[in-house]
$ cat query.cif   # mmCIF, C-alpha atoms
data_my_file
loop_
_atom_site.label_atom_id
_atom_site.label_comp_id
_atom_site.auth_asym_id
_atom_site.auth_seq_id
_atom_site.Cartn_x
_atom_site.Cartn_y
_atom_site.Cartn_z
CA THR A 1 41.25 14.12 -75.72
CA SER A 2 44.22 16.47 -75.48
CA GLN A 3 43.75 20.22 -75.39
CA LEU A 4 46.03 22.96 -76.67
CA TYR A 5 45.78 26.54 -75.45
CA VAL A 6 47.01 29.28 -77.80
CA PRO A 7 46.36 33.05 -77.93
CA ASP A 8 43.51 34.24 -80.19
CA SER A 9 45.90 36.29 -82.30
CA THR A 10 48.18 33.29 -82.88
CA TYR A 11 45.25 31.04 -83.81
CA ALA A 12 43.84 33.64 -86.20
CA GLY A 13 47.21 34.32 -87.84
CA LYS A 14 48.45 30.75 -88.16
CA LEU A 15 45.37 28.53 -88.41
CA ASP A 16 42.03 30.16 -89.08
CA ALA A 17 41.30 33.86 -89.31
CA LEU A 18 37.51 33.30 -89.18
CA ALA A 19 37.27 30.77 -86.40
CA ASP A 20 33.94 30.29 -84.68
CA ILE A 21 34.32 30.47 -80.93
CA TRP A 22 31.52 28.62 -79.20
CA SER A 23 32.79 28.82 -75.67
CA PHE A 24 35.70 30.05 -73.59
CA ASP A 25 36.87 29.87 -69.99
CA VAL A 26 37.80 32.81 -67.83
CA GLN A 27 40.75 32.47 -65.49
CA MET A 28 40.25 34.87 -62.63
CA ASP A 29 42.09 36.05 -59.58
CA THR A 30 40.94 33.96 -56.63
CA ARG A 31 40.82 37.08 -54.47
CA LEU A 32 38.00 38.53 -56.59
CA PRO A 33 34.35 37.58 -55.95
CA PRO A 34 33.20 35.18 -58.71
CA GLN A 35 29.79 36.81 -59.06
CA GLN A 36 31.36 40.20 -59.68
CA VAL A 37 33.66 38.75 -62.37
CA ARG A 38 30.68 37.05 -64.00
CA GLU A 39 28.74 40.32 -64.10
CA HIS A 40 31.71 42.06 -65.73
CA VAL A 41 32.01 39.32 -68.37
CA ILE A 42 28.27 39.49 -69.14
CA HIS A 43 28.40 43.27 -69.39
CA ARG A 44 31.40 43.13 -71.76
CA LEU A 45 29.85 40.47 -74.01
CA LYS A 46 26.56 42.34 -74.20
CA ALA A 47 28.46 45.46 -75.21
CA LEU A 48 30.23 43.52 -77.99
CA HIS A 49 27.18 41.59 -79.25
CA GLY A 50 24.54 44.24 -78.73
CA ARG A 51 22.28 41.72 -76.99
CA GLU A 52 22.51 38.79 -74.61
CA ASP A 53 22.73 35.89 -77.05
CA PHE A 54 24.92 33.75 -74.82
CA SER A 55 24.83 31.86 -71.55
CA THR A 56 27.30 31.70 -68.69
CA PHE A 57 28.21 28.99 -66.25
CA ASN A 58 29.60 29.63 -62.78
CA GLY A 59 31.16 26.60 -61.13
CA GLU A 60 30.89 28.12 -57.69
CA GLU A 61 27.10 28.30 -57.90
CA GLU A 62 26.91 24.64 -58.87
CA PHE A 63 29.27 23.80 -56.04
CA ARG A 64 27.04 25.68 -53.59
CA LYS A 65 24.01 23.77 -54.87
CA PHE A 66 25.92 20.53 -54.38
CA GLN A 67 26.84 21.63 -50.85
CA GLY A 68 23.18 22.35 -50.15
CA ILE A 69 22.16 18.89 -51.33
CA THR A 70 24.88 17.17 -49.29
CA GLY A 71 23.93 19.29 -46.27
CA ALA A 72 20.31 18.21 -46.58
CA LEU A 73 21.35 14.57 -46.88
CA ALA A 74 23.60 14.96 -43.83
CA ALA A 75 20.68 16.42 -41.87
CA VAL A 76 18.46 13.49 -42.88
CA PHE A 77 21.12 10.96 -41.85
CA ALA A 78 21.66 12.82 -38.58
CA GLY A 79 17.93 12.64 -37.88
CA VAL A 80 17.86 8.91 -38.57
CA ALA A 81 20.91 8.44 -36.33
CA ALA A 82 19.28 10.47 -33.54
CA ILE A 83 16.13 8.33 -33.73
CA SER A 84 18.24 5.17 -33.69
CA LEU A 85 20.14 6.40 -30.62
CA LEU A 86 16.88 7.25 -28.88
CA VAL A 87 15.41 3.82 -29.57
CA GLY A 88 18.65 2.12 -28.52
CA GLY A 89 18.86 4.21 -25.36
CA VAL A 90 15.30 3.35 -24.38
CA GLY A 91 16.11 -0.31 -24.96
CA VAL A 92 19.18 -0.06 -22.71
CA MET A 93 17.12 1.67 -20.04
CA ASN A 94 14.46 -1.07 -20.13
CA ILE A 95 17.12 -3.77 -19.87
CA MET A 96 18.73 -2.05 -16.91
CA LEU A 97 15.35 -1.58 -15.18
CA VAL A 98 14.67 -5.30 -15.60
CA SER A 99 18.16 -5.99 -14.22
CA VAL A 100 17.42 -3.85 -11.16
CA SER A 101 14.15 -5.67 -10.51
CA GLU A 102 15.83 -9.07 -10.84
CA ARG A 103 18.82 -8.21 -8.63
CA THR A 104 17.06 -6.68 -5.66
CA ARG A 105 18.56 -9.28 -3.30
CA GLU A 106 22.08 -8.48 -4.53
CA ILE A 107 21.43 -4.75 -4.04
CA GLY A 108 19.97 -5.35 -0.59
CA ILE A 109 22.97 -7.46 0.50
CA ARG A 110 25.43 -4.83 -0.77
CA MET A 111 23.66 -2.09 1.14
CA ALA A 112 23.34 -4.26 4.24
CA VAL A 113 27.13 -4.80 4.36
CA GLY A 114 27.87 -1.09 4.04
CA ALA A 115 27.56 -0.04 0.39
CA ARG A 116 26.32 3.52 0.01
CA GLN A 117 23.69 4.70 -2.45
CA GLY A 118 26.41 6.33 -4.53
CA ASP A 119 28.22 3.00 -4.82
CA VAL A 120 25.11 1.25 -6.12
CA ARG A 121 24.33 4.12 -8.48
CA LEU A 122 27.88 4.04 -9.84
CA GLN A 123 27.73 0.28 -10.34
CA PHE A 124 24.64 0.42 -12.52
CA LEU A 125 25.88 3.47 -14.41
CA ILE A 126 29.11 1.64 -15.24
CA GLU A 127 27.12 -1.41 -16.38
CA ALA A 128 24.98 0.77 -18.66
CA VAL A 129 28.03 2.52 -20.14
CA VAL A 130 29.84 -0.79 -20.72
CA LEU A 131 26.74 -2.24 -22.38
CA CYS A 132 26.45 0.77 -24.72
CA CYS A 133 30.18 0.76 -25.48
CA LEU A 134 30.00 -2.91 -26.43
CA GLY A 135 27.12 -2.06 -28.76
CA GLY A 136 29.19 0.79 -30.21
CA LEU A 137 32.13 -1.59 -30.71
CA VAL A 138 29.92 -4.01 -32.63
CA GLY A 139 28.62 -1.12 -34.76
CA VAL A 140 32.15 0.10 -35.52
CA LEU A 141 33.25 -3.42 -36.43
CA LEU A 142 30.29 -3.88 -38.79
CA SER A 143 31.01 -0.47 -40.37
CA TRP A 144 34.65 -1.40 -40.89
CA LEU A 145 33.69 -4.72 -42.47
CA ALA A 146 31.19 -2.96 -44.75
CA ALA A 147 33.85 -0.43 -45.80
CA GLN A 148 36.33 -3.21 -46.57
CA ALA A 149 33.71 -5.10 -48.57
CA LEU A 150 32.85 -1.96 -50.55
CA ASN A 151 36.52 -1.25 -51.26
CA ALA A 152 37.03 -4.84 -52.40
CA ALA A 153 33.96 -4.76 -54.65
CA GLN A 154 34.99 -1.62 -56.55
CA GLY A 155 38.04 0.58 -56.95
CA HIS A 156 36.53 3.92 -57.95
CA LEU A 157 35.50 5.12 -54.50
CA LYS A 158 37.61 4.26 -51.48
CA VAL A 159 35.88 4.33 -48.11
CA ILE A 160 38.09 5.22 -45.14
CA ILE A 161 37.00 5.13 -41.49
CA SER A 162 38.95 7.71 -39.50
CA TRP A 163 40.14 7.41 -35.92
CA ALA A 164 38.24 10.59 -35.11
CA ALA A 165 35.00 8.90 -36.19
CA LEU A 166 35.79 5.94 -33.94
CA GLY A 167 36.41 8.29 -31.01
CA VAL A 168 33.13 10.10 -31.61
CA ALA A 169 31.28 6.77 -31.83
CA PHE A 170 32.59 5.61 -28.46
CA ALA A 171 31.94 9.01 -26.90
CA VAL A 172 28.34 8.94 -28.12
CA SER A 173 27.93 5.37 -26.88
CA SER A 174 29.21 6.36 -23.45
CA GLY A 175 26.91 9.38 -23.41
CA VAL A 176 23.90 7.23 -24.25
CA GLY A 177 24.81 4.85 -21.44
CA LEU A 178 25.15 7.70 -18.94
CA ILE A 179 21.89 9.39 -19.96
CA PHE A 180 19.65 6.34 -20.20
CA GLY A 181 21.33 4.48 -17.35
CA THR A 182 20.65 7.25 -14.85
CA LEU A 183 17.04 6.27 -14.10
CA PRO A 184 17.77 2.57 -13.45
CA ALA A 185 20.81 3.52 -11.35
CA ARG A 186 18.78 5.96 -9.24
CA ARG A 187 16.03 3.39 -8.80
CA ALA A 188 18.55 0.79 -7.65
CA ALA A 189 20.18 3.24 -5.24
CA ALA A 190 16.80 4.22 -3.80
CA LEU A 191 16.00 0.66 -2.70
CA SER A 192 15.90 0.02 1.01
CA PRO A 193 18.03 -2.95 2.12
CA VAL A 194 15.20 -4.35 4.23
CA ASP A 195 12.59 -3.98 1.49
CA ALA A 196 15.00 -5.40 -1.12
CA LEU A 197 15.74 -8.51 0.93
CA ALA A 198 12.09 -8.96 1.89
CA ARG A 199 10.90 -8.57 -1.71
CA ASP A 200 13.09 -11.43 -2.90
#
$ encode --input "query.cif" --output "structure tokens"
Amino acid sequence: TSQLYVPDSTYAGKLDALADIWSFDVQMDTRLPPQQVREHVIHRLKALHGREDFSTFNGEEEFRKFQGITGALAAVFAGVAAISLLVGGVGVMNIMLVSVSERTREIGIRMAVGARQGDVRLQFLIEAVVLCCLGGLVGVLLSWLAAQALNAAQGHLKVIISWAALGVAFAVSSGVGLIFGTLPARRAAALSPVDALARD
């Protein structure tokens, strides 16, 4: 419905001198604190009515409550994401440890022909990072497909995946690979060439 704003004096003189006013909005200077303006309005109305027979609504308070709810939801989602990253990182570490145990001959040959411990450590760290980045790429692709499906299913809420979010996703994936790939890489680098070739 359309709304028309007119001064009280104009409304009383032209339309209805005894109009019942059930509610009104206060336009305030944005530089003033909302709570202080609200207290002034309450004080003025109480002085006019003689008692507090009215209620007030402050949009900022509701907005702060909404921010609190969204902050709590964000914290819950962050906790779930942290647990998922931990589980995924442990899985990557186990896979890399199995890879080290199955490739002892390869590690022994590399060390026997002159590869240093740092070279072997770097090799397995790179493998762990690449593995995690591939997982991150699959996750980003699935998220993009889900966003496109949601946008196609309805037109009220448009989901957009930003480039910054993609960058953070790959950075986190690389970090998980570096953190959880350190132990397998150190174990591979600590192998003795003789023991590695004899074990196989």
$ residues_around --input "query.cif" --residues "Leu183 in chain A" --least-positions-apart "4" --cutoff "10 Å" --atoms "all atoms listed in the file" --output "count of residues only"
12
$ closest_residue --input "query.cif" --among "A:Ala198, A:Ile161, A:Leu32, A:Cys133" --to "Ala146 in chain A" --atoms "only C-alpha atoms"
A:Ile161
$ atom_distance --input "query.cif" --atom1 "CA of Phe57 in chain A" --atom2 "CA of Ala12 in chain A"
25.8 Å
$ resolve_selection --input "query.cif" --expression "the PyMOL selection byres ((chain A and resi 166) around 12)" --output "list in words"
Cys133, Gly136, Leu137, Val138, Gly139, Val140, Leu141, Ser143, Trp144, Ile160, Ile161, Ser162, Trp163, Ala164, Ala165, Gly167, Val168, Ala169, Phe170, Ala171, Val172 and Ser173 of chain A
$ atom_distance --input "query.cif" --atom1 "CA of Leu85 in chain A" --atom2 "CA of Lys158 in chain A"
27.3 Å
$ closest_residue --input "query.cif" --among "A:Met28, A:Gly50, A:Gly181, A:Leu73" --to "Gly91 in chain A" --atoms "only C-alpha atoms"
A:Gly181
$ closest_residue --input "query.cif" --among "A:Ala185, A:Ile21, A:Leu142, A:Ala149" --to "Val120 in chain A" --atoms "only C-alpha atoms"
A:Ala185
$ atom_distance --input "query.cif" --atom1 "CA of Asn151 in chain A" --atom2 "CA of Ala81 in chain A"
23.7 Å
$ residues_around --input "query.cif" --residues "Thr56 in chain A" --least-positions-apart "3" --cutoff "10 Å" --atoms "all atoms listed in the file" --output "VMD selection string"
chain A and resid 23 to 25 38 to 39 41 to 42 59
$ closest_residue --input "query.cif" --among "A:Gln148, A:Thr30, A:Ser174, A:Ser2" --to "Gly135 in chain A" --atoms "all atoms listed in the file"
A:Ser174
$ resolve_selection --input "query.cif" --expression "the PyMOL selection byres ((chain A and resi 102-107) around 10)" --output "list in words"
Met96, Leu97, Val98, Ser99, Val100, Ser101, Gly108, Ile109, Arg110, Met111, Ala112, Ala115, Gln117, Val120, Ala188, Ala189, Leu191, Ser192, Pro193, Val194, Asp195, Ala196, Leu197, Ala198, Arg199 and Asp200 of chain A
$ closest_residue --input "query.cif" --among "A:Glu61, A:Glu52, A:Lys46, A:Gly155" --to "Pro33 in chain A" --atoms "all atoms listed in the file"
A:Glu61
$ closest_residue --input "query.cif" --among "A:Ala74, A:Ala82, A:Arg31, A:Trp22" --to "Ser55 in chain A" --atoms "all atoms listed in the file"
A:Trp22
$ axis_aligned_box --input "query.cif" --around "range 186-198 of chain A" --padding-each-side "6 Å" --output "JSON"
{"center_x": 16.1, "center_y": -1.5, "center_z": -2.5, "size_x": 20.1, "size_y": 26.9, "size_z": 25.5}
